[in-house]
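Here's the structure, in C-alpha cells; my notes come after.
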Amino acid sequence: MTMDDVSAEEIALILDTAESFAEVNQRRIKKLPTLRGRTIVNLFFEPSTRTRTSFEIAAKRLSADGINFSASASATVKGETLLDTAKTLAAMSCDLVVVRHKYAGAPQMLAEVMGCSIVNGGDGVHEHPTQALLDLYTMRQALGKLAGLRVGIVGDICHSRVAGSLVPALRKMGATPIVIGPPTLMPARPDVLGAEVAWDLDEVLPTLDVCYLLRVQFERAEVMPFPSNREYATLYGMNMARMAKLPSHAIVMHPGPMNRGVEISADVADSSRSVILGQVESGVAVRMAVMYLLLGGADSGAAA
C-alpha cells in the first residue's frame, strides 16, 4: 500500500511483468483470461478520471469482473462510515479493492478489516504507489535504466502524494531524487524526505535526466501558496527556454491533469521530449501487473 511495503526486487518484478502486458495492449484483441472469475472493486471517494479508468481498463483486460463504486452514489451520502462500507464489501467476497480517499491511511484501515488484497489508489497527501510504479516504468522505457538517474521533482512537494511515493521508489532503484520548489510548497523539513533539495530550477536543469513537473493542487491549499500563477510559471514553470537547458537525452514528465500555463507550457507538454501520454499508457500495463501478481494470476493456469 506504500512504497515502504515494496522491496527493490519486488519493484523490478512488477516492472518486468508490466512489459509483457504492454505487448498485450498493442494487440487488436486486448483481452486475457488470466483473472476470469475474480472480482475487483474500484472504491473511489475522490474525483478521478485517469486513475480510475486505468484500473478499470486493466481489470477488464485481465477478464476480471470490475465494479466501480462512487461515493456520491453510495450509502456514504446517507451517513455510512468507511468502516461499514468496507465490512459490507468484505461480506460480498471481493478479491481485490482499489481505494482512493482524501484521508491518509484509509487503505491501511481497509486492509485491517477486509480479507482481500487492497491497492492504494491515492490516500490524501500521503502516497500514490501505482503512480510511482508507472513513472519508474516510463523512465526505464525511455532511458533504458533507473540506477544512476537524476530526477528533478518540481513544484508542490508539500501536498503531493505522487512525490510521497516517487521519492522513496527512486531511491530504492538507485536513482537520485531532487525536490525543487518554492519554500511555501515544501514541507517544513524537506531533508527528511530522503531527497536532495534545491530552490533554483534553472541551476539544476543541466544536471537532470528527468524533469518531473507536479500539478499545483489548488484544491488542497487553504490559501494561495504563491502570489500569482504568473509568478509561479516564471520561477518554476517548464517552458521551451527551460527545456533547452536540459541535457539532450532528458525527458519531461507530469502525472496529470496538467495546469497548462502554470507548471508546464502547452508547447512543452505537446513536445517530442514529453512522455506524459506514455505515462498514461504505462499505467494500464503496470496496474495489470499489480493485479496479476496480487491475485496469483500465474497460479490460475492462465499465463500473461
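The way I read the labels, and the way they are meant: chains A, B, ... in the order of the C-alpha cells, residue 1 as the first residue of every chain, and ligand 1 as the first ligand shown, with later ones counted on from there.
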Which of stretch 171-225 of chain A DSSP labels strand (DSSP E), written as a ChimeraX atom specification: /A:176-180,196-198,210-213
Residues near stretch 178-191 of chain A, cut-off 8 Å, only C-alpha atoms, skip fewer than 2 positions along chain, as a ChimeraX atom specification: /A:150-159,176,193-201,225-226,236
For A:Ala169, please output as an mmCIF file with N, CA, C and O atoms, in the first residue's frame all residues within 9 Å (counting only C-alpha atoms; exclusion window: fewer than 6 positions along the same chain).
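Dumped to part17.cif:
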data_model
loop_
_atom_site.group_PDB
_atom_site.id
_atom_site.type_symbol
_atom_site.label_atom_id
_atom_site.label_comp_id
_atom_site.auth_asym_id
_atom_site.auth_seq_id
_atom_site.Cartn_x
_atom_site.Cartn_y
_atom_site.Cartn_z
ATOM 1 N N MET A 3 5.171 2.655 -0.715
ATOM 2 C CA MET A 3 6.418 2.183 -1.303
ATOM 3 C C MET A 3 7.318 1.561 -0.246
ATOM 4 O O MET A 3 8.228 0.808 -0.577
ATOM 5 N N ASP A 4 7.066 1.854 1.037
ATOM 6 C CA ASP A 4 7.825 1.201 2.101
ATOM 7 C C ASP A 4 7.526 -0.289 2.167
ATOM 8 O O ASP A 4 8.310 -1.065 2.716
ATOM 9 N N VAL A 6 7.267 -2.282 -0.372
ATOM 10 C CA VAL A 6 7.749 -2.975 -1.573
ATOM 11 C C VAL A 6 9.273 -2.883 -1.633
ATOM 12 O O VAL A 6 9.843 -1.803 -1.478
ATOM 13 N N ALA A 8 13.077 -3.411 -3.596
ATOM 14 C CA ALA A 8 13.593 -3.133 -4.944
ATOM 15 C C ALA A 8 13.385 -4.335 -5.864
ATOM 16 O O ALA A 8 13.055 -4.186 -7.042
ATOM 17 N N ILE A 11 9.773 -4.371 -6.908
ATOM 18 C CA ILE A 11 9.523 -3.329 -7.913
ATOM 19 C C ILE A 11 9.991 -3.807 -9.283
ATOM 20 O O ILE A 11 9.283 -3.669 -10.297
ATOM 21 N N PRO A 129 1.135 4.855 -4.754
ATOM 22 C CA PRO A 129 2.190 3.906 -5.160
ATOM 23 C C PRO A 129 2.153 3.472 -6.619
ATOM 24 O O PRO A 129 3.220 3.345 -7.249
ATOM 25 N N ALA A 132 3.801 5.937 -8.837
ATOM 26 C CA ALA A 132 5.258 5.846 -8.793
ATOM 27 C C ALA A 132 5.760 4.676 -9.644
ATOM 28 O O ALA A 132 6.767 4.793 -10.352
ATOM 29 N N LEU A 133 5.052 3.549 -9.583
ATOM 30 C CA LEU A 133 5.476 2.382 -10.363
ATOM 31 C C LEU A 133 5.387 2.656 -11.864
ATOM 32 O O LEU A 133 6.292 2.304 -12.625
ATOM 33 N N LEU A 136 8.265 4.921 -12.826
ATOM 34 C CA LEU A 136 9.518 4.167 -12.960
ATOM 35 C C LEU A 136 9.544 3.400 -14.281
ATOM 36 O O LEU A 136 10.557 3.373 -14.990
ATOM 37 N N ALA A 175 18.300 5.535 -8.099
ATOM 38 C CA ALA A 175 18.275 6.858 -8.722
ATOM 39 C C ALA A 175 18.361 7.932 -7.634
ATOM 40 O O ALA A 175 18.187 7.650 -6.445
#
Residue contacts of A:Arg100 (12 Å, only C-alpha atoms) excluding same-chain residues fewer than 2 positions away, as JSON, numbers by chain: {"A": [1, 41, 42, 43, 44, 45, 46, 47, 48, 49, 51, 52, 55, 68, 69, 70, 71, 82, 97, 98, 102, 103, 104, 105, 106, 107, 108, 110, 118, 119, 120, 121, 122, 123, 124, 125, 126, 127, 128, 129, 130, 161]}
What would the file look like if the residues just selected were written as a PDB file, in the first residue's frame with C-alpha atoms?
ATOM      1  CA  MET A   1       0.000   0.000   0.000  1.00  0.00           C
ATOM      2  CA  VAL A  41     -13.892  -3.166  -6.836  1.00  0.00           C
ATOM      3  CA  ASN A  42     -12.813   0.399  -7.588  1.00  0.00           C
ATOM      4  CA  LEU A  43     -13.689   2.282  -4.407  1.00  0.00           C
ATOM      5  CA  PHE A  44     -13.135   5.960  -5.180  1.00  0.00           C
ATOM      6  CA  PHE A  45     -14.060   8.617  -2.630  1.00  0.00           C
ATOM      7  CA  GLU A  46     -12.351  11.384  -4.609  1.00  0.00           C
ATOM      8  CA  PRO A  47     -12.929  12.513  -8.205  1.00  0.00           C
ATOM      9  CA  SER A  48     -10.634  10.759 -10.650  1.00  0.00           C
ATOM     10  CA  THR A  49     -10.596  10.207 -14.382  1.00  0.00           C
ATOM     11  CA  THR A  51      -6.515   6.609 -12.335  1.00  0.00           C
ATOM     12  CA  ARG A  52      -9.984   5.070 -12.016  1.00  0.00           C
ATOM     13  CA  PHE A  55      -7.593   0.486 -13.087  1.00  0.00           C
ATOM     14  CA  ASN A  68     -16.993   0.895  -9.871  1.00  0.00           C
ATOM     15  CA  PHE A  69     -18.085   2.344  -6.550  1.00  0.00           C
ATOM     16  CA  SER A  70     -18.659   6.081  -6.462  1.00  0.00           C
ATOM     17  CA  ALA A  71     -19.069   7.753  -3.084  1.00  0.00           C
ATOM     18  CA  LEU A  82     -15.884   3.875   5.618  1.00  0.00           C
ATOM     19  CA  VAL A  97     -10.249  -3.442  -3.774  1.00  0.00           C
ATOM     20  CA  VAL A  98      -8.650  -0.320  -5.216  1.00  0.00           C
ATOM     21  CA  LYS A 102      -8.943  12.061   0.842  1.00  0.00           C
ATOM     22  CA  TYR A 103      -7.640  10.806   4.191  1.00  0.00           C
ATOM     23  CA  ALA A 104      -4.161   9.325   4.517  1.00  0.00           C
ATOM     24  CA  GLY A 105      -4.272   5.829   5.958  1.00  0.00           C
ATOM     25  CA  ALA A 106      -7.705   4.869   4.617  1.00  0.00           C
ATOM     26  CA  PRO A 107      -6.273   1.927   2.587  1.00  0.00           C
ATOM     27  CA  GLN A 108      -4.465   0.673   5.706  1.00  0.00           C
ATOM     28  CA  LEU A 110      -9.500  -1.265   4.925  1.00  0.00           C
ATOM     29  CA  ILE A 118      -6.059  -3.726  -1.091  1.00  0.00           C
ATOM     30  CA  VAL A 119      -4.380  -1.407  -3.606  1.00  0.00           C
ATOM     31  CA  ASN A 120      -3.785   2.197  -2.629  1.00  0.00           C
ATOM     32  CA  GLY A 121      -5.130   4.373  -5.446  1.00  0.00           C
ATOM     33  CA  GLY A 122      -4.045   7.544  -3.627  1.00  0.00           C
ATOM     34  CA  ASP A 123      -4.658   8.493   0.014  1.00  0.00           C
ATOM     35  CA  GLY A 124      -4.758  12.163   0.885  1.00  0.00           C
ATOM     36  CA  VAL A 125      -1.356  13.824   0.623  1.00  0.00           C
ATOM     37  CA  HIS A 126       0.358  10.600   1.685  1.00  0.00           C
ATOM     38  CA  GLU A 127       1.127   8.236  -1.215  1.00  0.00           C
ATOM     39  CA  HIS A 128       0.114   7.075  -4.684  1.00  0.00           C
ATOM     40  CA  PRO A 129       2.190   3.906  -5.160  1.00  0.00           C
ATOM     41  CA  THR A 130       0.956   2.736  -8.569  1.00  0.00           C
ATOM     42  CA  ARG A 161       1.174  12.122  -2.843  1.00  0.00           C
TER      43      ARG A 161
END
Polymer residues at most 9 Å from A:Val24, only C-alpha atoms, same-chain spacing of 5 or more positions, as a VMD selection string: chain A and resid 29 to 32 61 285 304
With stretch 279-283 of chain A as the partner and 9 Å as the cut-off, tabulate the residues of stretch 61-174 of chain A that qualify, each row holding the nearest pair of atoms and their distance in Å to one decimal, using only C-alpha atoms, sorted by chain and rising number, as JSON lines.
{"residue": "A:Thr130", "atom": "CA", "partner": "A:Gly283", "partner_atom": "CA", "distance": 7.8}
{"residue": "A:Gln131", "atom": "CA", "partner": "A:Gly283", "partner_atom": "CA", "distance": 7.3}
{"residue": "A:Leu133", "atom": "CA", "partner": "A:Gly283", "partner_atom": "CA", "distance": 8.3}
{"residue": "A:Leu134", "atom": "CA", "partner": "A:Gly283", "partner_atom": "CA", "distance": 5.3}
{"residue": "A:Asp135", "atom": "CA", "partner": "A:Gln279", "partner_atom": "CA", "distance": 6.3}
{"residue": "A:Tyr137", "atom": "CA", "partner": "A:Ser282", "partner_atom": "CA", "distance": 6.9}
{"residue": "A:Thr138", "atom": "CA", "partner": "A:Gln279", "partner_atom": "CA", "distance": 5.9}
{"residue": "A:Met139", "atom": "CA", "partner": "A:Gln279", "partner_atom": "CA", "distance": 8.9}
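Among A:Leu235, A:Val286, A:Met258, A:Met253, the residue with the shortest atom-to-atom distance to A:Phe218, counting only C-alpha atoms, is A:Met258.
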Residue list (alpha helix (DSSP H), DSSP) for stretch 20-75 of chain A, as a list in words: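 Result set for stretch 20-75 of chain A (alpha helix (DSSP H)): Ser20, Phe21, Ala22, Glu23, Val24, Arg50, Thr51, Arg52, Thr53, Ser54, Phe55, Glu56, Ile57, Ala58, Ala59, Lys60 and Arg61 of chain A.
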A:His254, A:Met238, A:Ala111, A:Ala12 ranked by distance to A:Gly174, top pick (using only C-alpha atoms): A:Ala12
Atom CA of A:Leu205 to atom CA of A:Ala250, straight-line distance in Å: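 Value for the atom CA of A:Ala250-atom CA of A:Leu205 distance: 9.5 Å.
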Given only C-alpha atoms as the counted atoms, nearest of A:Ile67, A:Ala147, A:Ala142, A:Met114 to A:Val252: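 Nearest to A:Val252: A:Ala142.
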Close residues, A:Gly148 itself excluded, 12 Å, only C-alpha atoms, min 3 positions apart in chain, as an MDAnalysis selection string: chainID A and resid 139:140 143:145 151 170:177 207:210
Requested write-out: N, CA and C atoms of the selected residues, as a JSON list (two decimals), in the first residue's frame:
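Contents of part-v1.json, as written:
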[["chain", "number", "residue", "atom", "x", "y", "z"],
["A", 139, "MET", "N", 10.18, 5.82, -17.16],
["A", 139, "MET", "CA", 11.60, 6.24, -17.19],
["A", 139, "MET", "C", 12.48, 5.13, -17.75],
["A", 140, "ARG", "N", 12.25, 3.91, -17.30],
["A", 140, "ARG", "CA", 13.08, 2.79, -17.76],
["A", 140, "ARG", "C", 12.89, 2.54, -19.25],
["A", 143, "LEU", "N", 14.69, 5.72, -21.02],
["A", 143, "LEU", "CA", 16.12, 5.96, -20.81],
["A", 143, "LEU", "C", 16.93, 4.68, -20.64],
["A", 144, "GLY", "N", 16.25, 3.54, -20.58],
["A", 144, "GLY", "CA", 16.94, 2.26, -20.56],
["A", 144, "GLY", "C", 17.44, 1.81, -19.21],
["A", 145, "LYS", "N", 17.27, 2.60, -18.19],
["A", 145, "LYS", "CA", 17.75, 2.22, -16.85],
["A", 145, "LYS", "C", 17.08, 3.12, -15.81],
["A", 151, "VAL", "N", 16.66, 12.68, -11.03],
["A", 151, "VAL", "CA", 15.27, 13.02, -11.34],
["A", 151, "VAL", "C", 14.86, 14.24, -10.52],
["A", 170, "LEU", "N", 12.39, 5.93, -6.20],
["A", 170, "LEU", "CA", 13.62, 6.23, -6.94],
["A", 170, "LEU", "C", 14.85, 5.81, -6.14],
["A", 171, "ARG", "N", 14.83, 6.11, -4.85],
["A", 171, "ARG", "CA", 15.98, 5.76, -4.01],
["A", 171, "ARG", "C", 16.18, 4.25, -3.98],
["A", 172, "LYS", "N", 15.08, 3.50, -3.89],
["A", 172, "LYS", "CA", 15.21, 2.04, -3.85],
["A", 172, "LYS", "C", 15.82, 1.48, -5.12],
["A", 173, "MET", "N", 15.57, 2.18, -6.25],
["A", 173, "MET", "CA", 16.06, 1.68, -7.53],
["A", 173, "MET", "C", 17.41, 2.29, -7.93],
["A", 174, "GLY", "N", 18.03, 3.01, -6.99],
["A", 174, "GLY", "CA", 19.37, 3.52, -7.24],
["A", 174, "GLY", "C", 19.43, 4.85, -7.96],
["A", 175, "ALA", "N", 18.30, 5.54, -8.10],
["A", 175, "ALA", "CA", 18.28, 6.86, -8.72],
["A", 175, "ALA", "C", 18.36, 7.93, -7.63],
["A", 176, "THR", "N", 18.63, 9.16, -8.07],
["A", 176, "THR", "CA", 18.75, 10.28, -7.12],
["A", 176, "THR", "C", 17.60, 11.25, -7.33],
["A", 177, "PRO", "N", 16.67, 11.34, -6.36],
["A", 177, "PRO", "CA", 15.59, 12.34, -6.48],
["A", 177, "PRO", "C", 16.05, 13.69, -5.95],
["A", 207, "THR", "N", 21.68, 19.28, -14.98],
["A", 207, "THR", "CA", 22.17, 18.05, -14.34],
["A", 207, "THR", "C", 21.16, 16.92, -14.37],
["A", 208, "LEU", "N", 19.97, 17.17, -14.90],
["A", 208, "LEU", "CA", 18.87, 16.20, -14.77],
["A", 208, "LEU", "C", 18.76, 15.26, -15.97],
["A", 209, "ASP", "N", 18.34, 14.03, -15.69],
["A", 209, "ASP", "CA", 17.93, 13.10, -16.74],
["A", 209, "ASP", "C", 16.43, 13.14, -16.94],
["A", 210, "VAL", "N", 15.71, 13.48, -15.87],
["A", 210, "VAL", "CA", 14.24, 13.57, -15.91],
["A", 210, "VAL", "C", 13.82, 14.84, -15.18]]
Point-to-point distance in Å for atom CA of A:Ser54 and atom CA of A:Glu10: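 Atom CA of A:Glu10 sits 21.3 Å away from atom CA of A:Ser54.
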Between atom CA of A:Ser248 and atom CA of A:Ala233 - distance in Å to one decimal: 22.6 Å
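Residue nearest A:Ala64, chosen from A:Ser272, A:Val262, A:Met109, A:Leu295 and counting only C-alpha atoms: A:Leu295.
Minimum atom-to-atom distances from A:Leu96, A:Gly79, A:Asp65, A:Ile264 to A:Val290 were compared using only C-alpha atoms, and the lowest value belongs to A:Leu96.
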